[in-house]
>>> print(open('my_file-v3.cif').read())   # mmCIF, C-alpha atoms
data_structure
#
loop_
_atom_site.label_atom_id
_atom_site.label_comp_id
_atom_site.auth_asym_id
_atom_site.auth_seq_id
_atom_site.Cartn_x
_atom_site.Cartn_y
_atom_site.Cartn_z
CA MET F 1 0.00 0.00 0.00
CA ALA F 2 1.32 3.43 -0.92
CA ALA F 3 2.00 6.03 1.75
CA PHE F 4 -0.37 8.42 -0.03
CA SER F 5 -3.32 8.14 -2.34
CA PRO F 6 -2.36 9.09 -5.89
CA TYR F 7 -4.87 11.91 -5.61
CA VAL F 8 -2.66 13.65 -3.04
CA PHE F 9 -0.32 14.43 -5.95
CA PHE F 10 -3.02 15.69 -8.32
CA PRO F 11 -3.13 19.28 -6.98
CA PHE F 12 0.65 19.53 -7.24
CA HIS F 13 0.54 18.60 -10.92
CA MET F 14 -2.24 21.09 -11.59
CA LEU F 15 -0.54 23.85 -9.55
CA LEU F 16 2.67 23.63 -11.57
CA ALA F 17 0.84 24.77 -14.71
CA TYR F 18 0.23 28.27 -13.43
CA PRO F 19 3.75 29.48 -12.60
CA LEU F 20 5.05 28.13 -15.90
CA GLY F 21 2.25 29.38 -18.10
CA ARG F 22 1.93 32.87 -16.62
CA VAL F 23 5.38 34.05 -17.76
CA PHE F 24 5.12 32.85 -21.35
CA PRO F 25 3.72 35.08 -24.08
CA MET F 26 0.14 34.02 -24.80
CA SER F 27 -0.37 32.88 -21.21
CA TRP F 28 -4.06 32.45 -22.08
CA PHE F 29 -2.89 29.47 -24.17
CA PHE F 30 0.01 28.17 -22.12
CA ILE F 31 -1.71 27.91 -18.73
CA PRO F 32 -4.42 25.52 -20.06
CA PHE F 33 -1.79 23.74 -22.19
CA PHE F 34 0.34 23.07 -19.11
CA HIS F 35 -2.74 21.89 -17.20
CA LEU F 36 -3.38 19.28 -19.90
CA PHE F 37 0.29 18.34 -20.00
CA TYR F 38 0.55 17.92 -16.22
CA PHE F 39 -2.68 15.92 -16.16
CA GLY F 40 -1.00 13.47 -18.54
CA GLN F 41 2.09 13.45 -16.39
CA PHE F 42 -0.07 12.78 -13.31
CA LEU F 43 -1.55 9.73 -15.04
CA VAL F 44 1.88 8.43 -16.05
CA GLU F 45 3.48 8.98 -12.63
CA HIS F 46 0.68 8.19 -10.20
CA MET F 47 -1.82 6.04 -12.06
CA ALA F 48 0.63 3.81 -13.94
CA ASP F 49 -0.82 0.74 -12.27
CA GLN F 50 -4.34 1.61 -13.46
CA PHE F 51 -3.30 2.82 -16.93
CA PRO F 52 -0.26 0.70 -17.87
CA GLU F 53 -0.68 1.49 -21.58
CA VAL F 54 -0.21 5.19 -20.78
CA ALA F 55 2.73 4.56 -18.43
CA LYS F 56 5.07 3.78 -21.33
CA TYR F 57 4.94 7.48 -22.29
CA GLY F 58 6.55 8.52 -18.99
CA PRO F 59 10.06 9.13 -20.36
CA VAL F 60 8.67 11.18 -23.24
CA LEU F 61 6.56 13.35 -20.92
CA ILE F 62 9.47 13.86 -18.53
CA ALA F 63 11.69 14.92 -21.45
CA ILE F 64 9.02 17.35 -22.67
CA GLY F 65 8.55 18.70 -19.15
CA LEU F 66 12.28 19.21 -18.69
CA SER F 67 12.53 20.87 -22.11
CA THR F 68 10.17 23.60 -20.91
CA SER F 69 12.54 24.59 -18.11
CA PRO F 70 15.19 26.44 -20.21
CA PRO F 71 12.68 28.85 -21.82
CA PHE F 72 10.85 29.27 -18.50
CA PHE F 73 14.04 30.11 -16.62
CA TYR F 74 15.27 32.34 -19.46
CA ILE F 75 12.06 34.38 -19.40
CA CYS F 76 12.10 34.57 -15.60
CA HIS F 77 15.74 35.62 -15.48
CA SER F 78 15.41 38.20 -18.25
CA LYS F 79 12.29 39.81 -16.74
CA ALA F 80 12.92 39.41 -13.00
CA LYS F 81 13.82 42.33 -10.82
CA ASN F 82 15.77 40.01 -8.49
CA LYS F 83 17.98 38.08 -10.90
CA GLY F 84 20.05 36.62 -8.07
CA LEU F 85 16.97 34.91 -6.63
CA VAL F 86 16.11 33.43 -10.01
CA LYS F 87 19.69 32.18 -10.46
CA LEU F 88 19.50 30.54 -7.03
CA MET F 89 16.21 28.85 -7.96
CA ILE F 90 17.68 27.62 -11.26
CA LEU F 91 20.57 26.07 -9.37
CA ALA F 92 18.18 24.56 -6.81
CA PHE F 93 16.00 23.15 -9.63
CA PHE F 94 18.84 21.29 -11.32
CA LEU F 95 20.39 20.12 -8.05
CA LEU F 96 17.00 18.89 -6.87
CA LEU F 97 16.20 16.99 -10.05
CA GLY F 98 19.72 15.65 -10.52
CA GLY F 99 20.04 14.64 -6.89
CA SER F 100 16.62 13.01 -6.72
CA ARG F 101 17.32 11.11 -9.92
CA ALA F 102 20.84 10.01 -8.91
CA MET F 103 19.86 9.01 -5.37
CA GLN F 104 16.49 7.52 -6.42
CA TRP F 105 14.66 9.87 -4.07
CA GLY F 106 11.26 10.13 -5.68
CA PHE F 107 12.17 10.85 -9.29
CA PRO F 108 9.81 8.93 -11.63
CA TYR F 109 11.21 5.79 -13.20
CA ASP F 110 11.57 5.35 -16.97
CA ASP F 111 10.44 1.73 -16.92
CA PRO F 112 6.67 1.38 -16.40
CA ALA F 113 7.12 -1.79 -14.31
CA GLU F 114 9.54 0.03 -11.97
CA GLN F 115 7.17 2.99 -11.76
CA ILE F 116 4.25 0.72 -10.88
CA ALA F 117 6.35 -0.95 -8.16
CA ALA F 118 7.42 2.46 -6.85
CA LEU F 119 3.79 3.46 -6.34
CA THR F 120 3.59 0.97 -3.46
CA ASP F 121 6.89 2.03 -1.88
CA ASP F 122 6.46 4.34 1.13
CA PHE F 123 9.96 5.83 0.81
CA TYR F 124 9.45 6.63 -2.88
CA ASN F 125 6.06 8.24 -2.20
CA LYS F 126 7.38 10.42 0.63
CA CYS F 127 10.38 11.51 -1.44
CA HIS F 128 8.15 12.13 -4.45
CA LEU F 129 5.83 14.31 -2.38
CA ALA F 130 8.83 16.26 -1.08
CA LEU F 131 10.03 16.61 -4.70
CA HIS F 132 6.64 18.06 -5.70
CA VAL F 133 6.65 20.52 -2.81
CA ALA F 134 10.20 21.66 -3.59
CA LEU F 135 9.43 22.01 -7.33
CA ALA F 136 6.34 24.07 -6.55
CA VAL F 137 8.38 26.39 -4.31
CA ILE F 138 11.09 26.80 -6.95
CA LEU F 139 8.73 27.41 -9.87
CA PHE F 140 6.44 29.78 -7.97
CA THR F 141 9.44 31.72 -6.63
CA CYS F 142 10.86 32.18 -10.13
CA SER F 143 7.51 32.98 -11.68
CA PHE F 144 6.53 35.58 -9.11
CA ALA F 145 9.94 37.22 -9.35
CA VAL F 146 8.65 38.40 -12.74
CA ASP F 147 6.55 41.53 -12.72
CA LEU F 148 3.89 41.05 -15.35
CA SER F 149 2.28 44.48 -14.91
CA ASP F 150 3.94 45.66 -18.13
CA LYS F 151 2.57 42.71 -20.08
CA THR F 152 0.24 43.78 -22.86
CA LYS F 153 -3.45 43.26 -22.26
CA GLY F 154 -3.79 40.76 -25.12
CA ASP F 155 -1.23 38.33 -23.68
#
>>> encode(input="my_file-v3.cif", output="structure tokens")
Amino acid sequence: MAAFSPYVFFPFHMLLAYPLGRVFPMSWFFIPFFHLFYFGQFLVEHMADQFPEVAKYGPVLIAIGLSTSPPFFYICHSKAKNKGLVKLMILAFFLLLGGSRAMQWGFPYDDPAEQIAALTDDFYNKCHLALHVALAVILFTCSFAVDLSDKTKGD
């Protein structure tokens, strides 16, 4: 039995869409896009046992998710008033993801069978929840370092 219901993680996946989408041009498009993307990632990470045919797309979704970080951090850094804070969050982001992956502390597995097994592991679930909390703090900190008051009304 997992330490947490998979639905504990659902709000974290949905919350991550807002800090990413709000800084991009056309945020009216990107916020819903990231909600859809993170819903898919939620299914792959936390419902792999119930949707094994979807679980095989985990590595692809993780790669897509990670590929959004360079433009997100670039926009945040270029528009932030406190660039030092954004640089610190960028460092924290890559240390967090690299460390959690290397130490197997809650980073999703590439192999669907390993991911399904991890869903029942208490240590994995606790580390994965901590990973979600830390990612939310990092992304919200970077996003809200950007003052969007000068953003045009149509964006």
>>> residues_around(input="my_file-v3.cif", residues="Ala92 of chain F", least_positions_apart="6", cutoff="10 Å", atoms="all atoms listed in the file", output="PyMOL selection string")
chain F and resi 86+98+134-135+138
>>> atom_distance(input="my_file-v3.cif", atom1="atom CA of Pro25 of chain F", atom2="atom CA of Ile90 of chain F")
20.4 Å
>>> residues_around(input="my_file-v3.cif", residues="Leu97 of chain F", least_positions_apart="6", cutoff="10 Å", atoms="only C-alpha atoms", output="PyMOL selection string")
chain F and resi 66+103+105-107+131+134-135
>>> residues_around(input="my_file-v3.cif", residues="Thr68 of chain F", least_positions_apart="4", cutoff="12 Å", atoms="all atoms listed in the file", output="number ranges by chain")
F: 16-17, 20-21, 23-24, 30, 34, 37, 61-64, 72-75, 139
>>> closest_residue(input="my_file-v3.cif", among="F:Pro6, F:Pro52, F:Pro19, F:Pro108", to="Ala145 of chain F", atoms="only C-alpha atoms")
F:Pro19
>>> closest_residue(input="my_file-v3.cif", among="F:His46, F:His35, F:His77, F:Arg22", to="Ala117 of chain F", atoms="all atoms listed in the file")
F:His46
>>> closest_residue(input="my_file-v3.cif", among="F:Lys56, F:Lys79, F:His128, F:Lys87", to="Asp111 of chain F", atoms="all atoms listed in the file")
F:Lys56
>>> residues_around(input="my_file-v3.cif", residues="Asp110 of chain F", least_positions_apart="5", cutoff="12 Å", atoms="only C-alpha atoms", output="ChimeraX atom specification")
/F:44-45,48,55-63,101,104,115-116,118
>>> atom_distance(input="my_file-v3.cif", atom1="atom CA of Cys127 of chain F", atom2="atom CA of Gln50 of chain F")
21.4 Å
>>> closest_residue(input="my_file-v3.cif", among="F:His13, F:His132, F:Lys83, F:Lys126", to="Leu96 of chain F", atoms="all atoms listed in the file")
F:His132
>>> closest_residue(input="my_file-v3.cif", among="F:Phe140, F:Phe39, F:Trp28, F:Phe12", to="Phe93 of chain F", atoms="all atoms listed in the file")
F:Phe140
>>> closest_residue(input="my_file-v3.cif", among="F:Tyr38, F:Phe123, F:Phe144, F:Phe33", to="Phe4 of chain F", atoms="all atoms listed in the file")
F:Phe123
>>> atom_distance(input="my_file-v3.cif", atom1="atom CA of Ser67 of chain F", atom2="atom CA of Val133 of chain F")
20.2 Å
>>> decode(input="my_file-v3.cif", residues="segment 7-37 of chain F", atoms="N, CA and C atoms", output="PDB file, in the first residue's frame")
ATOM      1  N   TYR F   7      -4.175  10.636  -5.483  1.00  0.00           N
ATOM      2  CA  TYR F   7      -4.874  11.910  -5.610  1.00  0.00           C
ATOM      3  C   TYR F   7      -4.271  13.012  -4.740  1.00  0.00           C
ATOM      4  N   VAL F   8      -3.397  12.639  -3.817  1.00  0.00           N
ATOM      5  CA  VAL F   8      -2.655  13.648  -3.043  1.00  0.00           C
ATOM      6  C   VAL F   8      -1.756  14.444  -3.984  1.00  0.00           C
ATOM      7  N   PHE F   9      -1.261  13.795  -5.023  1.00  0.00           N
ATOM      8  CA  PHE F   9      -0.324  14.426  -5.948  1.00  0.00           C
ATOM      9  C   PHE F   9      -1.009  15.249  -7.039  1.00  0.00           C
ATOM     10  N   PHE F  10      -2.298  15.010  -7.247  1.00  0.00           N
ATOM     11  CA  PHE F  10      -3.016  15.689  -8.322  1.00  0.00           C
ATOM     12  C   PHE F  10      -2.947  17.213  -8.228  1.00  0.00           C
ATOM     13  N   PRO F  11      -3.212  17.810  -7.051  1.00  0.00           N
ATOM     14  CA  PRO F  11      -3.129  19.276  -6.977  1.00  0.00           C
ATOM     15  C   PRO F  11      -1.738  19.814  -7.304  1.00  0.00           C
ATOM     16  N   PHE F  12      -0.703  19.070  -6.944  1.00  0.00           N
ATOM     17  CA  PHE F  12       0.654  19.535  -7.242  1.00  0.00           C
ATOM     18  C   PHE F  12       0.880  19.587  -8.746  1.00  0.00           C
ATOM     19  N   HIS F  13       0.389  18.579  -9.464  1.00  0.00           N
ATOM     20  CA  HIS F  13       0.539  18.599 -10.920  1.00  0.00           C
ATOM     21  C   HIS F  13      -0.233  19.762 -11.527  1.00  0.00           C
ATOM     22  N   MET F  14      -1.434  19.997 -11.043  1.00  0.00           N
ATOM     23  CA  MET F  14      -2.243  21.089 -11.592  1.00  0.00           C
ATOM     24  C   MET F  14      -1.668  22.453 -11.204  1.00  0.00           C
ATOM     25  N   LEU F  15      -1.117  22.573 -10.002  1.00  0.00           N
ATOM     26  CA  LEU F  15      -0.539  23.851  -9.552  1.00  0.00           C
ATOM     27  C   LEU F  15       0.674  24.262 -10.369  1.00  0.00           C
ATOM     28  N   LEU F  16       1.447  23.302 -10.837  1.00  0.00           N
ATOM     29  CA  LEU F  16       2.673  23.634 -11.572  1.00  0.00           C
ATOM     30  C   LEU F  16       2.386  24.319 -12.905  1.00  0.00           C
ATOM     31  N   ALA F  17       1.175  24.156 -13.421  1.00  0.00           N
ATOM     32  CA  ALA F  17       0.839  24.769 -14.708  1.00  0.00           C
ATOM     33  C   ALA F  17       0.820  26.287 -14.627  1.00  0.00           C
ATOM     34  N   TYR F  18       0.381  26.826 -13.513  1.00  0.00           N
ATOM     35  CA  TYR F  18       0.226  28.275 -13.429  1.00  0.00           C
ATOM     36  C   TYR F  18       1.552  29.032 -13.426  1.00  0.00           C
ATOM     37  N   PRO F  19       2.520  28.691 -12.570  1.00  0.00           N
ATOM     38  CA  PRO F  19       3.752  29.484 -12.600  1.00  0.00           C
ATOM     39  C   PRO F  19       4.489  29.388 -13.933  1.00  0.00           C
ATOM     40  N   LEU F  20       4.408  28.235 -14.592  1.00  0.00           N
ATOM     41  CA  LEU F  20       5.050  28.126 -15.901  1.00  0.00           C
ATOM     42  C   LEU F  20       4.309  28.950 -16.944  1.00  0.00           C
ATOM     43  N   GLY F  21       3.020  28.744 -17.046  1.00  0.00           N
ATOM     44  CA  GLY F  21       2.252  29.377 -18.104  1.00  0.00           C
ATOM     45  C   GLY F  21       2.142  30.878 -18.001  1.00  0.00           C
ATOM     46  N   ARG F  22       2.158  31.430 -16.793  1.00  0.00           N
ATOM     47  CA  ARG F  22       1.926  32.870 -16.623  1.00  0.00           C
ATOM     48  C   ARG F  22       3.045  33.733 -17.190  1.00  0.00           C
ATOM     49  N   VAL F  23       4.271  33.219 -17.277  1.00  0.00           N
ATOM     50  CA  VAL F  23       5.380  34.047 -17.759  1.00  0.00           C
ATOM     51  C   VAL F  23       5.555  33.989 -19.275  1.00  0.00           C
ATOM     52  N   PHE F  24       4.982  32.978 -19.902  1.00  0.00           N
ATOM     53  CA  PHE F  24       5.120  32.846 -21.347  1.00  0.00           C
ATOM     54  C   PHE F  24       4.224  33.852 -22.057  1.00  0.00           C
ATOM     55  N   PRO F  25       4.654  34.308 -23.254  1.00  0.00           N
ATOM     56  CA  PRO F  25       3.722  35.081 -24.081  1.00  0.00           C
ATOM     57  C   PRO F  25       2.510  34.186 -24.362  1.00  0.00           C
ATOM     58  N   MET F  26       1.379  34.776 -24.580  1.00  0.00           N
ATOM     59  CA  MET F  26       0.145  34.020 -24.800  1.00  0.00           C
ATOM     60  C   MET F  26      -0.175  33.113 -23.607  1.00  0.00           C
ATOM     61  N   SER F  27      -0.092  33.679 -22.411  1.00  0.00           N
ATOM     62  CA  SER F  27      -0.369  32.885 -21.212  1.00  0.00           C
ATOM     63  C   SER F  27      -1.784  32.308 -21.243  1.00  0.00           C
ATOM     64  N   TRP F  28      -2.693  32.962 -21.939  1.00  0.00           N
ATOM     65  CA  TRP F  28      -4.062  32.451 -22.079  1.00  0.00           C
ATOM     66  C   TRP F  28      -4.063  31.079 -22.744  1.00  0.00           C
ATOM     67  N   PHE F  29      -3.043  30.783 -23.542  1.00  0.00           N
ATOM     68  CA  PHE F  29      -2.894  29.473 -24.172  1.00  0.00           C
ATOM     69  C   PHE F  29      -2.062  28.531 -23.308  1.00  0.00           C
ATOM     70  N   PHE F  30      -0.944  29.041 -22.794  1.00  0.00           N
ATOM     71  CA  PHE F  30       0.009  28.174 -22.120  1.00  0.00           C
ATOM     72  C   PHE F  30      -0.459  27.653 -20.762  1.00  0.00           C
ATOM     73  N   ILE F  31      -1.231  28.422 -20.030  1.00  0.00           N
ATOM     74  CA  ILE F  31      -1.708  27.910 -18.735  1.00  0.00           C
ATOM     75  C   ILE F  31      -2.607  26.688 -18.943  1.00  0.00           C
ATOM     76  N   PRO F  32      -3.632  26.743 -19.815  1.00  0.00           N
ATOM     77  CA  PRO F  32      -4.419  25.521 -20.056  1.00  0.00           C
ATOM     78  C   PRO F  32      -3.595  24.390 -20.687  1.00  0.00           C
ATOM     79  N   PHE F  33      -2.651  24.758 -21.582  1.00  0.00           N
ATOM     80  CA  PHE F  33      -1.793  23.739 -22.188  1.00  0.00           C
ATOM     81  C   PHE F  33      -1.012  22.984 -21.118  1.00  0.00           C
ATOM     82  N   PHE F  34      -0.415  23.726 -20.179  1.00  0.00           N
ATOM     83  CA  PHE F  34       0.340  23.069 -19.114  1.00  0.00           C
ATOM     84  C   PHE F  34      -0.569  22.277 -18.179  1.00  0.00           C
ATOM     85  N   HIS F  35      -1.808  22.703 -17.991  1.00  0.00           N
ATOM     86  CA  HIS F  35      -2.744  21.893 -17.202  1.00  0.00           C
ATOM     87  C   HIS F  35      -2.973  20.539 -17.873  1.00  0.00           C
ATOM     88  N   LEU F  36      -3.197  20.546 -19.171  1.00  0.00           N
ATOM     89  CA  LEU F  36      -3.378  19.281 -19.901  1.00  0.00           C
ATOM     90  C   LEU F  36      -2.115  18.428 -19.842  1.00  0.00           C
ATOM     91  N   PHE F  37      -0.975  19.067 -20.046  1.00  0.00           N
ATOM     92  CA  PHE F  37       0.289  18.336 -20.004  1.00  0.00           C
ATOM     93  C   PHE F  37       0.501  17.691 -18.631  1.00  0.00           C
TER      94      PHE F  37
END
